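S.K.: There's a structure below that I have some questions on.
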Amino acid sequence: MAVGPSFVEMPLIRKDTIEYREYQVILSEVAAKESTMIVLSTGLGKTVIAALAAARRLIEYPDSKILFLAPSRPLADQQARFLKQALDIDKSQVICLTGNDPPEQRRLVWSEARVIVMTPQALQNDLIQRSYGLNDVSLMVYDEAHRGVGNYAYTFVAELYEKQGSKQLSMGLTASPGHDPEHIRQVCENLRLKRVEVRTENSPDVRDYVVAISTDIRYVSLPSEIRALIDILQALLNDYTTRVVNYGYSLPDNRRLSRKEILRVQSEVRKEIGSFTKPPPYLYLLVRDLTAALRVIHLIEFVGTQGLEPTLRYIQGMYEEARNKKSSKGVKDLISRSEFIQFENLLQALVAKGYRHPKADALLEIISEQLSTNLDSRVLVFTRFRDTAAEVVEVLEQLDGARVSRFVGQASRGIDKGFSQKKQIEVLDSFRNNEFNVLVATQVGEEGLDIPECNLVIFYDCVPSVVPYIQRRGRTGRRSPGRVVIFVARATHDEYYHWSVISKLKKMPSALKDAEKEPEKKQMRLEDFGGEPGPTLKSAGDTEREPAVPRGGIQLIVDSRELPTAVARELARLDVVISGESLEVGDYIASEEVAIERKESGDFIQSLIDGRLFVQLSALRSTYRRPVLIIEGEQLTGLRAVNPASIYGALASIATRLRIPILWTRNAEETANLLYRIAYLEQVESKKILRTRSPETKGTDAETLEYILSGFPGIDTVISRAILAEFGNLERVFSADETELMRVKGVGPKTAGRIRHLLKLEYPAHREEKTTEPRF
């Protein structure tokens with residue numbers, strides 16, 4: 001008589017829900033005591049380990065919260081559903097929050113929940129605005145922890161958790177940490193993970209649970225007709241690069257030329273443009289040629305690895321782009337070339353005759369065989385590009401018994417509409433339930449999809465990175481043997497990417513061993529260098545003279561589109577109280593008089609090209625008395641093929657005609673410190689009210705009355721509403737004496753006296769701007 005599987009039995013784990021695996025229990029015990037990175041192959045239950053650790057922390061700290069971060073909305077929804085099933089707590093206390101939920105709803109739900117699954121960007125935005133804190137979080141789980149580098153939201157969340165958490169413990173989960181030991185160590189440092197636990201397919205305690213995955217590298221050769229298309233493009237590429245090389249710039253042979261090399265040389269040319277007051281015309285031609293060369297390389301890759309129909313769709317997009325007057329000159333030049341026209345005509349002729357990439361026929365053969373062998377099969381086809389995914393779906397719909405769906409991200413690209421979160425979840429559920437048996441996915445399907453018994457995974461194209469390779473491969477062989485087929489088109493980008501990934505995979509075991517052996521590094525603090533934390537800039541003798549920051553701290557109103565930026569994160573580090581709003585004018589509001597527009601140097605140039613710059617700054621000038629422009633970046637000239645004289649002319653117009661002061665910063669940290677000091681001068685030195693001004697009153701009559709009254713110093717929207725509720729209309733307000741005005745809550749003698757003084761004050765015939773000497 002067969003003995004069924006045993007299950008984990010422990011408090012707060014629902015009975016008969018988690019199959020007992022010793023390595024999962026042991027790892028959860030380790031991770032419940034020390035902040036740990038868990039590196040475990042896909043399908044071996046990383047989320048189970050997190051659930052077990054979460055139960056242990058809730059037992060130890062019954063009033064605490066568990067916070068589980070997942071990088072995408074479908075993945076967050078999936079993890080929340082699993083935790084509701086696994087944890088023996090009220091299911092209403094396990095909630096999923098993403099950017100689709102309004103910020104106010106997230107704030108209210110947070111206080112009631114015990115286990116919260118969130119996308120990191122939504123959490124970061126809430127933490128920046130102080131909607132809630134992390135003090136009660138006893139376990140922070142970072143799914144797909146390898147993302148925890150650079151400006152990704154995980155790094156900021158980890159920093160705040162270190163500051164706020166009273167019961168700090170963190171866990172990182174990944175199947176693909178990378179092949180570079182330094183990268184792995186950086187992730188651990190960023191997420192405050194002190195220990196690394198690695199289990200590979202060969203680990204003794206895991207080996208019994210590993211399911212065999214067979215890998216088949218399927219090479220395909222391009223027919224002569226497709227080779228002819230590539231030859232035309234190679235000739236075009238040679239034409240564009242020859243002029244660049246002739247002017248003394250170094251480029252490798254066209255067969256080995258990469259986008260990285262072209263971008264490197266393009267940056268060199270733009271820097272040279274920035275060094276001239278009147279740059280030589282040939283430099284602009286070189287930028288044009290290099291831009292065109294980038295597109296040609298992309299076309300060579302598309303023809304060689306994706307197919308004819310996707311290439312045709314890409315070309316149609318280029319024509320749409322060229323119809324825009326402000327489009328790239330490189331694209332316009334490329335589509336006007338006789339060689340390009342020859343290429344396009346041949347491509348259209350081949351498509352009309354029914355030619356397609358040989359991968360398409362191989363794909364039909366493999367999936368047909370799989371479905372004929374097992375009608376209940378589930379097949380995943382991965383491709384890097386949406387256009388290719390659309391063609392693959394069309395090809396596979398020819399197969400009897402194939403029920404095919406596409407699975408793509410949320411962003412829409414032209415007429416190609418993305419999948420909403422709801423649509424993504426519906427498609428995944430239909431795939432799990434076998435309503436679809438073939439799913440054609442772009443990279444959105446690589447991370448974290450829990451699809452049991454996926455029998456066959458096909459790489460329609462090769463990926464250049466280890467992480468997506470491991471994630472794609474991990475979609476099969478979870479509970480029963482699986483198969484992976486990788487298409488490699490000979491003498492194309494496929495071959496280069498394939499061998500590059502194989503080389504990196506060989507380095508991963510030693511990289512993980514190095515990470516495990518790495519001794520703990522002490523996190524340095526500002527105090528360690530002898531300084532005091534804080535944003536104030538003062539000399540030793542100025543302490544007594546600087547007014548204190550008001551209760552509640554320095555405040556800024558920040559446009560909601562700025563919340564995900566590094567500047568908002570730096571402001572949060574300075575303890576600035578941030579209120580996110582959808583601003584019509586400006587990016588940051590420091591007071592009723594001062595609004596700041598921030599432009600990164602690249603965006604400054606782009607907004608100058610597309611005409612946004614002076615529209616935005618004119619609105620800023622007409623709405624706020626003292627507007628400010630901050631330009632952030634190391635340089636302004638040489639970033640694009642724009643004559644420096646045009647840039648200098650724009651700066652001169654902004655400063656002299658619009659009379660907007662221009663301030664320069666090198667990076668987000670400097671920008672945040674500058675914004676802090678501007679807000680300090682307004683709110684502490686000058687005692688100005690913080691509120692927004694509208695470029696024009698578009699609301700109801702009541703809102704117009706509030707807007708007029710809130711123009712008085714010391715009167716914000718709340719007080720203006722109270723005054724109007726007391727007096728009924730502006731005529732009675734303006735006729736009231738100081739005693740009558742002071743009957744309104746929030747209006748004291750100073751405010752009432754100021755209102756009466758301004759109502760009787762004569763407007764000066766010759767108005768002069770009053771300036772004061774600020775204290776820094």
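Ligands are numbered from 1 in the order shown, residues from 1 within each chain, and chains are lettered A, B, ... in the order they appear in the structure tokens.
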Listing only residues of region 239-324 of chain A within 9 Å of region 382-403 of chain A, what is the closest atom pair and its distance in Å (to one decimal) for each, using only C-alpha atoms, sorted by chain and residue number ascending, as CSV?

M.R.:
```
residue,atom,partner,partner_atom,distance
A:Gln306,CA,A:Thr388,CA,6.1
A:Gly307,CA,A:Thr388,CA,7.2
A:Glu309,CA,A:Glu391,CA,6.9
A:Pro310,CA,A:Asp387,CA,5.0
A:Thr311,CA,A:Asp387,CA,8.2
A:Arg313,CA,A:Asp387,CA,7.0
A:Tyr314,CA,A:Asp387,CA,7.8
```

S.K.: As a ChimeraX atom specification, please: all residues of region 31-122 of chain A that backbone DSSP puts in strand (DSSP E).

M.R.: /A:36-40,65-69,94-97,115-118

S.K.: Write the residues of the preceding selection, restricted to N, CA, C and O atoms, as a compact mmCIF listing (two decimals), in the first residue's frame.

M.R.:
```txt
# COMPACT_ATOMS: atom_id res chain seq x y z
N THR A 36 18.57 36.48 5.45
CA THR A 36 19.19 35.46 4.59
C THR A 36 18.76 35.61 3.15
O THR A 36 17.60 35.89 2.86
N MET A 37 19.71 35.39 2.25
CA MET A 37 19.42 35.24 0.82
C MET A 37 19.27 33.74 0.54
O MET A 37 20.20 32.97 0.79
N ILE A 38 18.11 33.34 0.02
CA ILE A 38 17.87 31.95 -0.35
C ILE A 38 18.01 31.83 -1.87
O ILE A 38 17.24 32.44 -2.62
N VAL A 39 18.99 31.06 -2.31
CA VAL A 39 19.19 30.79 -3.74
C VAL A 39 18.77 29.35 -3.98
O VAL A 39 19.41 28.41 -3.51
N LEU A 40 17.69 29.20 -4.74
CA LEU A 40 17.09 27.88 -4.92
C LEU A 40 16.51 27.78 -6.32
O LEU A 40 15.85 28.71 -6.78
N LYS A 65 3.54 42.54 11.41
CA LYS A 65 3.10 42.34 10.02
C LYS A 65 4.21 41.65 9.23
O LYS A 65 5.39 41.83 9.52
N ILE A 66 3.78 40.90 8.22
CA ILE A 66 4.71 40.31 7.25
C ILE A 66 4.53 41.06 5.93
O ILE A 66 3.41 41.24 5.47
N LEU A 67 5.63 41.50 5.35
CA LEU A 67 5.56 42.24 4.08
C LEU A 67 6.30 41.45 3.01
O LEU A 67 7.50 41.17 3.14
N PHE A 68 5.58 41.08 1.97
CA PHE A 68 6.11 40.25 0.89
C PHE A 68 6.10 41.10 -0.38
O PHE A 68 5.05 41.55 -0.82
N LEU A 69 7.28 41.34 -0.97
CA LEU A 69 7.39 42.17 -2.17
C LEU A 69 7.62 41.29 -3.40
O LEU A 69 8.48 40.40 -3.39
N VAL A 94 -4.84 38.71 4.79
CA VAL A 94 -3.80 38.57 3.77
C VAL A 94 -4.26 39.36 2.56
O VAL A 94 -5.25 39.00 1.92
N ILE A 95 -3.57 40.44 2.26
CA ILE A 95 -4.06 41.32 1.19
C ILE A 95 -2.95 41.58 0.18
O ILE A 95 -1.76 41.50 0.48
N CYS A 96 -3.38 41.91 -1.04
CA CYS A 96 -2.46 42.23 -2.13
C CYS A 96 -2.68 43.68 -2.53
O CYS A 96 -3.83 44.08 -2.81
N LEU A 97 -1.63 44.48 -2.54
CA LEU A 97 -1.71 45.90 -2.88
C LEU A 97 -0.73 46.21 -4.01
O LEU A 97 0.44 45.83 -3.93
N VAL A 115 -0.63 40.19 6.82
CA VAL A 115 0.30 39.77 5.76
C VAL A 115 -0.03 40.58 4.52
O VAL A 115 -1.16 40.51 4.01
N ILE A 116 0.93 41.34 4.04
CA ILE A 116 0.71 42.24 2.90
C ILE A 116 1.66 41.84 1.78
O ILE A 116 2.87 41.74 2.00
N VAL A 117 1.09 41.62 0.60
CA VAL A 117 1.91 41.37 -0.60
C VAL A 117 1.80 42.61 -1.47
O VAL A 117 0.68 43.04 -1.80
N MET A 118 2.93 43.18 -1.84
CA MET A 118 2.92 44.45 -2.57
C MET A 118 3.93 44.43 -3.71
O MET A 118 4.91 43.67 -3.69
```

S.K.: With only C-alpha atoms counted and 12 Å as the cut-off, give the residues of region 308-405 of chain A in contact with region 429-432 of chain A, each with its shortest interatomic distance in Å and the pair that gives it, as CSV.

M.R.:
```
residue,atom,partner,partner_atom,distance
A:Asp376,CA,A:Arg432,CA,11.1
A:Ser377,CA,A:Phe431,CA,10.6
A:Arg378,CA,A:Phe431,CA,7.7
A:Val379,CA,A:Phe431,CA,9.4
A:Leu380,CA,A:Phe431,CA,9.8
A:Arg403,CA,A:Phe431,CA,9.5
A:Val404,CA,A:Phe431,CA,9.3
A:Ser405,CA,A:Phe431,CA,8.6
```

S.K.: Just write the chosen residues, all heavy atoms, as a tab-separated table (two decimals), in the first residue's frame.

M.R.:
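And here's selection.tsv as it stands now:
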```
chain	number	residue	atom	x	y	z
A	376	ASP	N	-3.05	16.56	-23.08
A	376	ASP	CA	-3.17	17.43	-21.90
A	376	ASP	C	-1.91	18.26	-21.66
A	376	ASP	O	-1.75	18.86	-20.60
A	376	ASP	CB	-3.45	16.57	-20.66
A	376	ASP	CG	-4.81	15.90	-20.74
A	376	ASP	OD1	-5.73	16.51	-21.30
A	376	ASP	OD2	-4.94	14.76	-20.24
A	377	SER	N	-1.03	18.28	-22.64
A	377	SER	CA	0.22	19.04	-22.48
A	377	SER	C	-0.04	20.53	-22.33
A	377	SER	O	-1.03	21.07	-22.86
A	377	SER	CB	1.13	18.83	-23.69
A	377	SER	OG	1.59	17.50	-23.76
A	378	ARG	N	0.86	21.17	-21.62
A	378	ARG	CA	0.92	22.65	-21.60
A	378	ARG	C	2.28	23.05	-22.17
A	378	ARG	O	3.31	22.54	-21.73
A	378	ARG	CB	0.78	23.20	-20.18
A	378	ARG	CG	-0.61	23.01	-19.57
A	378	ARG	CD	-0.67	23.73	-18.22
A	378	ARG	NE	-1.94	23.54	-17.58
A	378	ARG	CZ	-2.24	22.52	-16.79
A	378	ARG	NH1	-1.33	21.58	-16.56
A	378	ARG	NH2	-3.42	22.43	-16.22
A	379	VAL	N	2.24	23.98	-23.11
A	379	VAL	CA	3.47	24.40	-23.80
A	379	VAL	C	3.65	25.91	-23.63
A	379	VAL	O	2.71	26.68	-23.83
A	379	VAL	CB	3.41	24.05	-25.30
A	379	VAL	CG1	4.71	24.49	-26.00
A	379	VAL	CG2	3.15	22.58	-25.50
A	380	LEU	N	4.86	26.30	-23.25
A	380	LEU	CA	5.22	27.72	-23.15
A	380	LEU	C	6.24	28.06	-24.22
A	380	LEU	O	7.27	27.39	-24.33
A	380	LEU	CB	5.83	28.01	-21.79
A	380	LEU	CG	4.96	28.64	-20.71
A	380	LEU	CD1	5.72	28.71	-19.40
A	380	LEU	CD2	4.53	30.04	-21.10
A	403	ARG	N	-4.72	25.38	-28.61
A	403	ARG	CA	-5.52	26.51	-28.12
A	403	ARG	C	-4.52	27.55	-27.59
A	403	ARG	O	-3.95	27.38	-26.51
A	403	ARG	CB	-6.48	26.04	-27.02
A	403	ARG	CG	-7.42	24.94	-27.50
A	403	ARG	CD	-8.38	24.46	-26.41
A	403	ARG	NE	-7.69	23.88	-25.26
A	403	ARG	CZ	-7.24	22.64	-25.22
A	403	ARG	NH1	-7.39	21.83	-26.28
A	403	ARG	NH2	-6.64	22.17	-24.13
A	404	VAL	N	-4.32	28.59	-28.38
A	404	VAL	CA	-3.16	29.47	-28.21
A	404	VAL	C	-3.58	30.84	-27.67
A	404	VAL	O	-4.61	31.39	-28.08
A	404	VAL	CB	-2.42	29.67	-29.55
A	404	VAL	CG1	-1.08	30.38	-29.33
A	404	VAL	CG2	-2.21	28.34	-30.25
A	405	SER	N	-2.77	31.38	-26.78
A	405	SER	CA	-2.96	32.76	-26.32
A	405	SER	C	-1.60	33.43	-26.20
A	405	SER	O	-0.59	32.79	-25.92
A	405	SER	CB	-3.65	32.80	-24.96
A	405	SER	OG	-3.74	34.14	-24.48
```

S.K.: Which residues are near Glu740 (chain A)? Cut-off 12 Å, only C-alpha atoms, ignore same chain within fewer than 6 positions. Put them as an NGL selection string.

M.R.: :A and (723 or 726-727 or 732-734 or 747-749 or 752-753 or 755-756)

S.K.: Write the residues of the preceding selection, restricted to C-alpha atoms, as a short mmCIF file (atom, residue, chain, number, x, y, z; two decimals), in the first residue's frame.

M.R.:
```cif
data_model
loop_
_atom_site.label_atom_id
_atom_site.label_comp_id
_atom_site.auth_asym_id
_atom_site.auth_seq_id
_atom_site.Cartn_x
_atom_site.Cartn_y
_atom_site.Cartn_z
CA ILE A 723 -14.34 81.84 6.40
CA GLU A 726 -19.10 81.79 8.28
CA PHE A 727 -19.83 84.82 6.06
CA ARG A 732 -19.46 90.09 3.57
CA VAL A 733 -15.94 88.72 4.16
CA PHE A 734 -14.33 91.89 2.86
CA VAL A 747 -7.94 83.10 12.00
CA GLY A 748 -5.96 84.88 14.72
CA PRO A 749 -5.28 88.59 15.29
CA ALA A 752 -7.23 89.13 10.54
CA GLY A 753 -5.14 92.29 10.74
CA ILE A 755 -6.48 90.81 5.65
CA ARG A 756 -7.88 94.21 6.71
#
```

S.K.: Counting only C-alpha atoms, what is within 9 Å of Ala672 (chain A), bar same-chain residues fewer than 4 positions away, as a VMD selection string?

M.R.: chain A and resid 566 to 571 574 667 to 668 676 to 677

S.K.: Kindly indicate which residue among A:Ser607, A:Thr665, A:Thr704, A:Ser465 lies nearest to Gly178 (chain A), using only C-alpha atoms for the distances.

M.R.: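 Closest to Gly178 (chain A), using only C-alpha atoms: A:Ser465.
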
S.K.: Show me, as a PyMOL selection string, the residues that have an atom within 7 Å of Ile13 (chain A) when counting only C-alpha atoms, minus same-chain residues fewer than 2 positions from it.

M.R.: chain A and resi 9-11+15+55+86-88

S.K.: Have a look at A:Cys188, A:Val287, A:Leu12, A:Val408 and name the one nearest to Glu272 (chain A); count only C-alpha atoms.

M.R.: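 Answer, going by the shortest atom-to-atom distance: A:Val287.
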
S.K.: Nearest to His298 (chain A): which of A:Arg14, A:Arg259, A:Lys278, A:Arg621 is it, counting only C-alpha atoms?

M.R.: A:Arg259

S.K.: Report, in Å to a single decimal, how far apart CA of Gly638 (chain A) and CA of Pro280 (chain A) are.

M.R.: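 Between CA of Pro280 (chain A) and CA of Gly638 (chain A) the gap works out to 13.0 Å.
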
S.K.: As a PyMOL selection string, list the residues of region 138-289 of chain A assigned to helix (DSSP H, G or I) by DSSP on the backbone atoms of this structure.

M.R.: chain A and resi 145-147+153-164+181-190+207-209+224-246+254-256+259-274+281-289

S.K.: Tell me which of A:Leu312, A:Leu286, A:Leu663, A:Leu620 sits closest to Gly633 (chain A), counting only C-alpha atoms.

M.R.: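 So, comparing all the options, the nearest one is A:Leu663.
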
S.K.: What's the 12 Å shell around Lys507 (chain A), counting only C-alpha atoms, without same-chain residues fewer than 6 positions away, as number ranges by chain?

M.R.: A: 177-181, 466, 500-501, 513-514

S.K.: Tell me, as a ChimeraX atom specification, which residues lie within 12 Å of Val642 (chain A), counting only C-alpha atoms; anything in the same chain fewer than 4 positions away does not count.

M.R.: /A:269-274,276-281,283-285,287-288,328-329,602,604-606,608-609,636-638,646-650

S.K.: What does the distance from CA of Ala652 (chain A) to CA of Ser267 (chain A) come to in Å, to one decimal?

M.R.: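 Distance between the two atoms: 25.7 Å.
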
S.K.: Distance CA of Leu375 (chain A)-CA of Asn433 (chain A), one decimal place?

M.R.: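 Between CA of Leu375 (chain A) and CA of Asn433 (chain A) the gap is 13.6 Å.
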